[in-house]
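Only one structure is covered here, and it is reproduced in the block below.
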Amino acid sequence: MTGLIIVAALAALIFAAINFYGMKRRDAGTEKMQEIAASIEEGADAFIKHEYKIIAVVAAGIAILLAIVVSWYSAASFILGAFMSASAGWIGMKIATISNVRVANEARNTRDIGKTLKVAFQGGSVMGLCVGGFALLGLYIIYMVFGKGLGQLKPENLSFHKNWLGISDIPFTMTVSSYALGCSVIAMFNRVGGGIFTKAADMGADLVGKTEAGIPEDDPRNPATIADNVGDNVGDVAGLGSDLLESYVGSLISAIVLAAYTFFSARNTGSAISESLVSKLVSYPLVFAAMGLFSSILGVLYLQLKKVSKNPHKELNRATFAGAGFTLISTGILTWFYFSGEQIAPISFNIGTLSPWVCAVLGIVSGILIGQMAERYTSYDFKPTQGIAAASREGAALTITQGMAVGLTSVIAPVITLGICIIAAHAAAGLYGVAMAAIGMLSFVTVTVSVDTYGPIADNAGGISEMAKLDPEVREITDELDAVGNTTAAIGKGFAIGSAALAALSLFASYLYAQAGEDSAGGIDLILNMVNTMTLVGALAGAALPYLFSGILIEAVANAARKMVQEVRRQFASDPGIITGESKPDYKTCISISSAGALAEMKIPALLSVATPLVSGFIFGSEFVGGLLIGTTLSAIMLALYTANAGGAWDNAKKYIEHGHYGGKGSDAHKAAVIGDTVGDPLKDTVGPSLDILIKIMAVVSLISVSIFSKYNLFSLF
Amino acid sequence: MIYYYLTVFPMEALIASELDPKAFGSYMATGSRKGSAEQLIFIEIEGGFESSFDWDFAEKNCVSHSSGEPKHSLYLSIYRVLENTPHSAMKSMFLVTKDGRTLQMYKNTCKVPGNWKGYAMYQELCPVLPLVVSSLNPQQFGEYIISDNDKVTVPAIVFADVKLINLDDFENSGNVGSMYDRNLAHMKDCVDSVKSEKKKKLTKTVDRSFSSSFSYQIIDTGVYAASSEGIILYAMPTREELKQNHYDWGRSANIF
């Protein structure tokens, strides 16, 4: 049945290729449209190339370190993970820059929102299919080459092995963890780099072009407007793709690693787990994901083949629910047959054969609920966001204060939902069930990424329509598609944060197994001693870390945005012809500023996430890192929810006013709301998504290195 | 060729220029260091009419620079220009946005607005700038302001009627900019006083200097120019007309 994995991965990638080349064959519109699109593509290509060069150096360094300190297979799987993640990000960015102009042209030719939606979704689907396809392809290679080919999955090899440094680990867990680390490192760089780029350009374009000079959005007279559109591609597309691929892989490997440790622990305590059951526990998440991928392909096809209505929100929801529905049915049947006849008593499948499937369903339901909660707090159809708009009448200070209140309040409900999900999943299938809940949440990630990616494509199409002076009707179509994309993005963030929390918990359990190491012959009690000073201090430091990380990111955005503001002001002052439309602005300098700012500033936060568990582990030992992980996970989940929801609420409060409330555009309330939106921009688009990655990257780095620093650390010398 | 422009908002002046109206609007709003990034309303006028304005001075001095660059602006007067300009000399009116985009509005005969509610709010633009509520329709209001029967009078005036909102439901105000941001309670009192049969007030001043919050998105039927010669309406295009023919201007004016 594991053959399904490669079939699903290849089917997804072939489908992605068909949609990619199908999109390329579409008409790219007028010469002017093509010229603008080419500038955007050129800027995005240049940034990604520079970014990937830096990442390649860092990734090579980590791979060499892994090869020396851990094993060659860790290094190889790390490179494979990095390659898969980078490929998904690059192809996603590429298709977005190809699709944007074709979406605008479809709107121009047909004046039909349904037909335009299909083209935008076709572009987005390439990214979604690549995320699912590349993630599973890489995991299948790991499974077949290392697991089966090199025998790492043989029961006798699912035990601790010592390397030349005397460091012990379970080889297969190390291999899959290194694969996840490769994905995480790329995701962190893409998210942080892309996030800084896009927000610096966005803020520079808005603060000077819109606010000071009174130029409308996407006006070609604004020197930062092309950089803003480039930012949509490198941040909202490439960053998003790598991020969700990392989340997807993170949730899958958390279940696989846990299965391996569960087997090891059960064997040491004399519990009988059959060889075939171990094999199934390890492969089940992958086969489950394969079924999810098949279902997602059907969900994508559903939207691509049907005659779509003029209600894009409804159509996208239908595609998502179709993917989720197919996933539920297919994985339910799969689970029943997969575990039928197996002796499941020793592995805590407490409600029978379907236990892990029930956990996945719990994950899906929780993800949808968290998404709905995010929508409730961020959509202007509901009171919280309307309250921020109302507060804006009293000035920017109250806009900020009210938005903070909404963001802070929004944290509790998703956390309760996650808590219920964790308890229920644990009751149904133990910690393996918790990991399955995370997998459930992301099982139809292909559809959700397709839907998420279509948003920035539609946004860019709107920019091109504006700059190429297409009819207002065209801009109205792209604007409506973009607005729907904002709502679906909020729901997508709910899935990303929720799955990060669940995967982190599973990885943390694996960390405790790994920490116990081969000494755990008598079985392992997964207990973190919070009274231990080291653990407690680690938890405190961990709780503070996301704040430090967020502060560095916001400062990075502010630094780059400040340079952008200065450059746009300089261009306006030095050439009055720009504002009158007689001269062409220097777009390239603005792109260079965003690019240089992002490339210079992304290294510290990315390295912080990798280095913190390593450095603290080698100084203070494994108990400290255990506390650090718990502290970081708890604090980062809260902060991620807060930043995503507060930022989204500020953004939509501004839109609510722009739709003719409290005076509309140009009113005092609008000016205050614009300030709120600007404050929220780096929170929701740079900080929030990066925190999800921070949690997992730290968990995976700790999992890989715990066997080393539990043996070699400064404090153990005393 | 020399063009003559009567600027009515934010300052009153007579300016000669070699720039056509569109280029002049763009220059005045964005290119002139004297007042960059501000909205401007001006009327193109036919020069040479009988007045104290020095047309010969304009002919002599409004010439291109040695570099070939046209003369942008030559101020002929900055005081009491409107009252000395006959309606017959007035051509189109131009509304210029902060970023220099220009909307041309044509001369029309004035008539009672179709959606007349029994009262209106008028933003006076030149030569004085108060915001007033009145039970008079635009034509009556223009005649009332220029008549000698009242102490408060001017010889000529340019004013716009502004969109009225439900003052009890500001949340659903529509896209009206910052006009209604302050003093809503006072505005309600003013409206009540002109609507009330007992008080019989014809006009009530809402604010003596409300011009900073004036924006094009709140102009209702159009901009009026009244003098002893009568009243001219420069009709505001409908939203649909703006969308079809002046979309860029509409975006710059915060209408779209």
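Identifiers for the structure tokens are assigned positionally: chains receive A, B, ... in sequence, residues are indexed from 1 per chain, and ligands are indexed from 1 in the order shown.
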
Considering only C-alpha atoms, tabulate each residue of chain A that lies at most 9 Å from chain B along with its nearest interatomic pair and the corresponding distance in Å to one decimal; arrange the rows by chain and ascending residue number and present them as a Markdown table.
```
| residue | atom | partner | partner_atom | distance |
| --- | --- | --- | --- | --- |
| A:Glu212 | CA | B:Ala37 | CA | 7.7 |
| A:Ala213 | CA | B:Ala37 | CA | 5.9 |
| A:Gly214 | CA | B:Asp99 | CA | 5.4 |
| A:Ile215 | CA | B:Asp99 | CA | 5.8 |
| A:Pro216 | CA | B:Ser252 | CA | 5.7 |
| A:Glu217 | CA | B:Arg251 | CA | 8.8 |
| A:Ala390 | CA | B:Glu171 | CA | 7.6 |
| A:Arg393 | CA | B:Asp181 | CA | 7.7 |
| A:Lys469 | CA | B:Asp248 | CA | 8.7 |
| A:Asp471 | CA | B:Gln244 | CA | 8.1 |
| A:Pro472 | CA | B:Lys243 | CA | 6.7 |
| A:Glu473 | CA | B:Lys243 | CA | 8.8 |
| A:Pro576 | CA | B:Gly31 | CA | 5.9 |
| A:Gly577 | CA | B:Gly31 | CA | 7.9 |
| A:Ile579 | CA | B:Asp99 | CA | 6.8 |
| A:Thr580 | CA | B:Ser26 | CA | 6.2 |
| A:Ile657 | CA | B:Asn175 | CA | 8.3 |
| A:Glu658 | CA | B:Asn175 | CA | 7.1 |
| A:His659 | CA | B:Asn175 | CA | 7.2 |
| A:Gly660 | CA | B:Gly174 | CA | 3.8 |
| A:His661 | CA | B:Asn172 | CA | 4.8 |
| A:Tyr662 | CA | B:Glu171 | CA | 4.8 |
| A:Gly663 | CA | B:Gly177 | CA | 4.9 |
| A:Gly664 | CA | B:Asn175 | CA | 4.2 |
| A:Lys665 | CA | B:Gly177 | CA | 5.5 |
| A:Gly666 | CA | B:Gly177 | CA | 4.5 |
| A:Ser667 | CA | B:Ser178 | CA | 3.8 |
| A:Asp668 | CA | B:Ser178 | CA | 5.8 |
| A:Ala669 | CA | B:Asp181 | CA | 8.0 |
| A:His670 | CA | B:Gly177 | CA | 8.4 |
```

Could those residues be written to a file, using C-alpha atoms, as an mmCIF file, in the first residue's frame?
```cif
data_model
loop_
_atom_site.group_PDB
_atom_site.id
_atom_site.type_symbol
_atom_site.label_atom_id
_atom_site.label_comp_id
_atom_site.auth_asym_id
_atom_site.auth_seq_id
_atom_site.Cartn_x
_atom_site.Cartn_y
_atom_site.Cartn_z
ATOM 1 C CA GLU A 212 1.980 61.905 1.564
ATOM 2 C CA ALA A 213 1.542 62.290 -2.184
ATOM 3 C CA GLY A 214 -2.086 61.153 -2.353
ATOM 4 C CA ILE A 215 -1.385 58.596 -5.077
ATOM 5 C CA PRO A 216 -3.841 55.683 -5.232
ATOM 6 C CA GLU A 217 -2.854 52.037 -4.663
ATOM 7 C CA ALA A 390 -15.651 52.633 15.554
ATOM 8 C CA ARG A 393 -13.129 57.874 15.156
ATOM 9 C CA LYS A 469 -4.802 51.300 -17.321
ATOM 10 C CA ASP A 471 -10.988 49.238 -17.656
ATOM 11 C CA PRO A 472 -12.351 49.819 -14.130
ATOM 12 C CA GLU A 473 -14.522 46.740 -14.585
ATOM 13 C CA PRO A 576 8.794 66.388 -10.124
ATOM 14 C CA GLY A 577 8.009 64.752 -13.451
ATOM 15 C CA ILE A 579 4.228 62.719 -9.922
ATOM 16 C CA THR A 580 2.937 64.435 -13.058
ATOM 17 C CA ILE A 657 -14.296 52.184 6.795
ATOM 18 C CA GLU A 658 -13.363 52.256 3.101
ATOM 19 C CA HIS A 659 -16.643 50.529 2.324
ATOM 20 C CA GLY A 660 -18.483 53.669 3.443
ATOM 21 C CA HIS A 661 -18.525 53.609 7.234
ATOM 22 C CA TYR A 662 -17.605 56.409 9.663
ATOM 23 C CA GLY A 663 -16.928 58.770 6.761
ATOM 24 C CA GLY A 664 -15.107 56.369 4.438
ATOM 25 C CA LYS A 665 -11.881 57.219 2.634
ATOM 26 C CA GLY A 666 -10.226 60.454 3.684
ATOM 27 C CA SER A 667 -12.084 60.660 7.000
ATOM 28 C CA ASP A 668 -10.267 61.013 10.304
ATOM 29 C CA ALA A 669 -11.356 57.474 11.165
ATOM 30 C CA HIS A 670 -9.783 56.259 7.923
#
```

Subject >> Shell of 12 Å around Pro414 in chain A, only C-alpha atoms, local chain residues under 4 positions omitted, as an MDAnalysis selection string >> reply: chainID A and resid 365:377 407:410 418:421 493:495 497:499 501 637:638 640:642 645

Take the residues just selected and output them with N, CA and C atoms as an mmCIF file, in the first residue's frame.
```
data_model
loop_
_atom_site.group_PDB
_atom_site.id
_atom_site.type_symbol
_atom_site.label_atom_id
_atom_site.label_comp_id
_atom_site.auth_asym_id
_atom_site.auth_seq_id
_atom_site.Cartn_x
_atom_site.Cartn_y
_atom_site.Cartn_z
ATOM 1 N N VAL A 365 -11.636 19.051 12.213
ATOM 2 C CA VAL A 365 -12.716 19.873 12.804
ATOM 3 C C VAL A 365 -12.112 21.042 13.593
ATOM 4 N N SER A 366 -11.043 20.751 14.363
ATOM 5 C CA SER A 366 -10.410 21.820 15.144
ATOM 6 C C SER A 366 -9.849 22.895 14.228
ATOM 7 N N GLY A 367 -9.206 22.448 13.142
ATOM 8 C CA GLY A 367 -8.634 23.410 12.192
ATOM 9 C C GLY A 367 -9.707 24.319 11.618
ATOM 10 N N ILE A 368 -10.840 23.695 11.230
ATOM 11 C CA ILE A 368 -11.941 24.501 10.670
ATOM 12 C C ILE A 368 -12.469 25.471 11.724
ATOM 13 N N LEU A 369 -12.624 24.958 12.977
ATOM 14 C CA LEU A 369 -13.129 25.830 14.051
ATOM 15 C C LEU A 369 -12.177 26.996 14.311
ATOM 16 N N ILE A 370 -10.868 26.694 14.365
ATOM 17 C CA ILE A 370 -9.889 27.770 14.616
ATOM 18 C C ILE A 370 -9.928 28.784 13.475
ATOM 19 N N GLY A 371 -10.084 28.276 12.241
ATOM 20 C CA GLY A 371 -10.201 29.169 11.087
ATOM 21 C C GLY A 371 -11.435 30.057 11.194
ATOM 22 N N GLN A 372 -12.552 29.433 11.614
ATOM 23 C CA GLN A 372 -13.792 30.219 11.761
ATOM 24 C C GLN A 372 -13.644 31.277 12.855
ATOM 25 N N MET A 373 -12.930 30.879 13.931
ATOM 26 C CA MET A 373 -12.710 31.849 15.018
ATOM 27 C C MET A 373 -11.863 33.016 14.508
ATOM 28 N N ALA A 374 -10.841 32.665 13.725
ATOM 29 C CA ALA A 374 -9.991 33.724 13.154
ATOM 30 C C ALA A 374 -10.843 34.649 12.292
ATOM 31 N N GLU A 375 -11.746 34.050 11.531
ATOM 32 C CA GLU A 375 -12.600 34.871 10.673
ATOM 33 C C GLU A 375 -13.502 35.765 11.527
ATOM 34 N N ARG A 376 -14.006 35.199 12.629
ATOM 35 C CA ARG A 376 -14.904 35.986 13.480
ATOM 36 C C ARG A 376 -14.184 37.217 14.047
ATOM 37 N N TYR A 377 -12.908 37.031 14.364
ATOM 38 C CA TYR A 377 -12.167 38.155 14.957
ATOM 39 C C TYR A 377 -11.570 39.100 13.905
ATOM 40 N N GLY A 407 -7.031 41.379 19.413
ATOM 41 C CA GLY A 407 -6.022 40.339 19.202
ATOM 42 C C GLY A 407 -5.793 39.503 20.448
ATOM 43 N N LEU A 408 -5.685 40.163 21.577
ATOM 44 C CA LEU A 408 -5.428 39.448 22.834
ATOM 45 C C LEU A 408 -6.623 38.566 23.206
ATOM 46 N N THR A 409 -7.823 39.107 23.026
ATOM 47 C CA THR A 409 -9.023 38.336 23.372
ATOM 48 C C THR A 409 -9.182 37.121 22.461
ATOM 49 N N SER A 410 -8.711 37.278 21.220
ATOM 50 C CA SER A 410 -8.933 36.209 20.240
ATOM 51 C C SER A 410 -8.130 34.944 20.532
ATOM 52 N N LEU A 418 -7.865 23.825 20.791
ATOM 53 C CA LEU A 418 -6.681 22.963 20.686
ATOM 54 C C LEU A 418 -6.587 22.035 21.894
ATOM 55 N N GLY A 419 -6.879 22.596 23.069
ATOM 56 C CA GLY A 419 -6.814 21.797 24.304
ATOM 57 C C GLY A 419 -7.786 20.634 24.247
ATOM 58 N N ILE A 420 -9.008 20.903 23.831
ATOM 59 C CA ILE A 420 -10.015 19.828 23.727
ATOM 60 C C ILE A 420 -9.566 18.794 22.705
ATOM 61 N N CYS A 421 -9.034 19.282 21.580
ATOM 62 C CA CYS A 421 -8.566 18.378 20.525
ATOM 63 C C CYS A 421 -7.447 17.478 21.054
ATOM 64 N N LYS A 493 -4.350 30.462 8.008
ATOM 65 C CA LYS A 493 -3.449 30.701 9.133
ATOM 66 C C LYS A 493 -3.881 29.892 10.348
ATOM 67 N N GLY A 494 -5.197 29.729 10.531
ATOM 68 C CA GLY A 494 -5.721 28.929 11.637
ATOM 69 C C GLY A 494 -5.207 27.503 11.563
ATOM 70 N N PHE A 495 -5.223 26.937 10.358
ATOM 71 C CA PHE A 495 -4.720 25.577 10.164
ATOM 72 C C PHE A 495 -3.216 25.512 10.465
ATOM 73 N N ILE A 497 -1.307 27.469 12.375
ATOM 74 C CA ILE A 497 -0.971 27.630 13.799
ATOM 75 C C ILE A 497 -1.393 26.395 14.592
ATOM 76 N N GLY A 498 -2.603 25.925 14.325
ATOM 77 C CA GLY A 498 -3.117 24.754 15.050
ATOM 78 C C GLY A 498 -2.243 23.541 14.827
ATOM 79 N N SER A 499 -1.875 23.299 13.578
ATOM 80 C CA SER A 499 -1.051 22.116 13.290
ATOM 81 C C SER A 499 0.331 22.259 13.909
ATOM 82 N N ALA A 501 1.043 23.707 16.735
ATOM 83 C CA ALA A 501 0.924 23.400 18.161
ATOM 84 C C ALA A 501 0.869 21.894 18.388
ATOM 85 N N ILE A 637 2.718 30.133 20.339
ATOM 86 C CA ILE A 637 1.342 29.875 19.881
ATOM 87 C C ILE A 637 0.464 31.079 20.208
ATOM 88 N N MET A 638 0.601 31.570 21.446
ATOM 89 C CA MET A 638 -0.215 32.725 21.850
ATOM 90 C C MET A 638 0.113 33.953 20.982
ATOM 91 N N ALA A 640 1.520 34.005 18.044
ATOM 92 C CA ALA A 640 1.144 33.809 16.628
ATOM 93 C C ALA A 640 -0.341 34.096 16.437
ATOM 94 N N LEU A 641 -1.158 33.597 17.364
ATOM 95 C CA LEU A 641 -2.603 33.865 17.270
ATOM 96 C C LEU A 641 -2.876 35.356 17.414
ATOM 97 N N TYR A 642 -2.198 35.952 18.391
ATOM 98 C CA TYR A 642 -2.415 37.383 18.641
ATOM 99 C C TYR A 642 -2.022 38.228 17.431
ATOM 100 N N ASN A 645 -4.327 37.608 14.315
ATOM 101 C CA ASN A 645 -5.698 38.127 14.433
ATOM 102 C C ASN A 645 -5.731 39.650 14.605
#
```

Subject >> Nearest residue to Lys188 in chain B from the set B:Val223, B:Val132, B:Gly230, B:Ile146 (distances using only C-alpha atoms) >> reply: B:Val132

**OP:** Show which residues sit within 9 Å of Pro356 in chain A, as a PyMOL selection string. Count only C-alpha atoms, and ignore same-chain residues fewer than 3 positions away.
**Re:** chain A and resi 335+349+352-353+359-361+425+428-429+432-434+436-437

**OP:** Would you list, as an MDAnalysis selection string, the residues of range 15-247 of chain B that end up in strand (DSSP E) under DSSP run on this structure's backbone?
**Re:** chainID B and resid 15:17 40:45 74:77 90:96 102:105 107:109 120:126 131:134 156:162 203:207 219:227 230:235

Subject >> Sel. of helix (DSSP H, G or I) residues, range 11-256 of chain B, as a PyMOL selection string >> reply: chain B and resi 21-31+55-61+82-84+87-89+138-146+170-172+184-195+211-213+216-218+239-245+247-252

Go ahead and write the selection's residues with C-alpha atoms as a short mmCIF file (atom, residue, chain, number, x, y, z; two decimals), in the first residue's frame.
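In the end it all went to selection-v3.cif:
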```
data_model
loop_
_atom_site.label_atom_id
_atom_site.label_comp_id
_atom_site.auth_asym_id
_atom_site.auth_seq_id
_atom_site.Cartn_x
_atom_site.Cartn_y
_atom_site.Cartn_z
CA PRO B 21 -5.76 73.38 -17.93
CA LYS B 22 -4.68 69.78 -17.32
CA ALA B 23 -0.99 70.62 -17.16
CA PHE B 24 -1.70 73.74 -15.10
CA GLY B 25 -3.71 71.71 -12.56
CA SER B 26 -0.98 69.12 -12.31
CA TYR B 27 1.69 71.82 -11.92
CA MET B 28 -0.21 73.76 -9.28
CA ALA B 29 -1.05 70.68 -7.23
CA THR B 30 2.28 68.93 -7.38
CA GLY B 31 4.93 70.79 -9.32
CA TRP B 55 -3.88 92.00 -19.56
CA ASP B 56 -0.97 93.76 -21.29
CA PHE B 57 1.33 92.82 -18.45
CA ALA B 58 0.29 89.21 -18.96
CA GLU B 59 0.90 89.37 -22.71
CA LYS B 60 4.37 90.78 -22.16
CA ASN B 61 5.52 88.58 -19.29
CA LEU B 82 -14.14 86.45 -8.55
CA GLU B 83 -16.36 89.50 -8.08
CA ASN B 84 -14.61 91.20 -11.01
CA HIS B 87 -19.95 84.94 -15.96
CA SER B 88 -19.66 85.29 -19.69
CA ALA B 89 -15.85 85.02 -19.38
CA PRO B 138 -28.87 76.37 -4.55
CA GLN B 139 -30.32 79.09 -6.77
CA GLN B 140 -32.11 80.77 -3.85
CA PHE B 141 -29.03 80.41 -1.68
CA GLY B 142 -26.81 82.05 -4.30
CA GLU B 143 -29.25 84.94 -4.69
CA TYR B 144 -29.59 85.26 -0.91
CA ILE B 145 -25.83 85.48 -0.32
CA ILE B 146 -25.20 88.13 -2.98
CA PHE B 170 -22.86 57.88 11.26
CA GLU B 171 -21.62 54.29 11.12
CA ASN B 172 -23.32 53.95 7.72
CA LEU B 184 -22.18 66.08 14.75
CA ALA B 185 -24.44 67.29 17.59
CA HIS B 186 -24.00 70.90 16.51
CA MET B 187 -24.66 69.92 12.90
CA LYS B 188 -27.92 68.29 13.98
CA ASP B 189 -28.93 71.47 15.83
CA CYS B 190 -28.17 73.53 12.74
CA VAL B 191 -30.20 71.21 10.51
CA ASP B 192 -33.08 71.28 12.99
CA SER B 193 -33.03 75.05 13.14
CA VAL B 194 -33.43 75.41 9.36
CA LYS B 195 -36.00 72.62 9.16
CA SER B 211 -12.47 74.09 4.28
CA SER B 212 -9.70 71.78 5.48
CA SER B 213 -12.13 68.89 5.58
CA TYR B 216 -14.45 66.15 -3.81
CA GLN B 217 -16.18 62.96 -2.74
CA ILE B 218 -18.81 64.95 -0.82
CA ARG B 239 -20.54 57.94 -10.16
CA GLU B 240 -21.13 55.82 -13.27
CA GLU B 241 -19.89 58.61 -15.55
CA LEU B 242 -16.81 59.00 -13.39
CA LYS B 243 -16.18 55.28 -13.50
CA GLN B 244 -16.49 55.10 -17.27
CA ASN B 245 -14.71 58.33 -18.23
CA TYR B 247 -11.71 56.55 -13.31
CA ASP B 248 -8.17 57.68 -12.52
CA TRP B 249 -9.43 61.01 -11.21
CA GLY B 250 -12.09 59.20 -9.16
CA ARG B 251 -9.45 57.03 -7.53
CA SER B 252 -7.27 60.00 -6.70
#
```

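Closest approach to Ile231 in chain B among B:Met11, B:Ile2, B:Ala16, B:Met90: B:Met90, based on only C-alpha atoms.
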
Subject >> Surrounding residues of Lys117 in chain B excluding itself and chain neighbours under 5 positions, 10 Å, only C-alpha atoms, as a list in words >> reply: Ser135, Asn137, Leu164 and Lys195 of chain B

File of the preceding selection, N, CA and C atoms, as a PDB file, in the first residue's frame:
```pdb
ATOM      1  N   SER B 135     -32.249  76.263   4.241  1.00  0.00           N
ATOM      2  CA  SER B 135     -33.511  75.738   3.713  1.00  0.00           C
ATOM      3  C   SER B 135     -33.722  76.216   2.277  1.00  0.00           C
ATOM      4  N   ASN B 137     -32.825  76.424  -1.761  1.00  0.00           N
ATOM      5  CA  ASN B 137     -32.179  75.583  -2.776  1.00  0.00           C
ATOM      6  C   ASN B 137     -30.986  76.348  -3.351  1.00  0.00           C
ATOM      7  N   LEU B 164     -25.734  64.802   1.893  1.00  0.00           N
ATOM      8  CA  LEU B 164     -26.316  64.754   3.238  1.00  0.00           C
ATOM      9  C   LEU B 164     -26.347  63.311   3.704  1.00  0.00           C
ATOM     10  N   LYS B 195     -34.832  73.422   9.506  1.00  0.00           N
ATOM     11  CA  LYS B 195     -35.998  72.617   9.156  1.00  0.00           C
ATOM     12  C   LYS B 195     -37.227  73.037   9.961  1.00  0.00           C
TER      13      LYS B 195
END
```
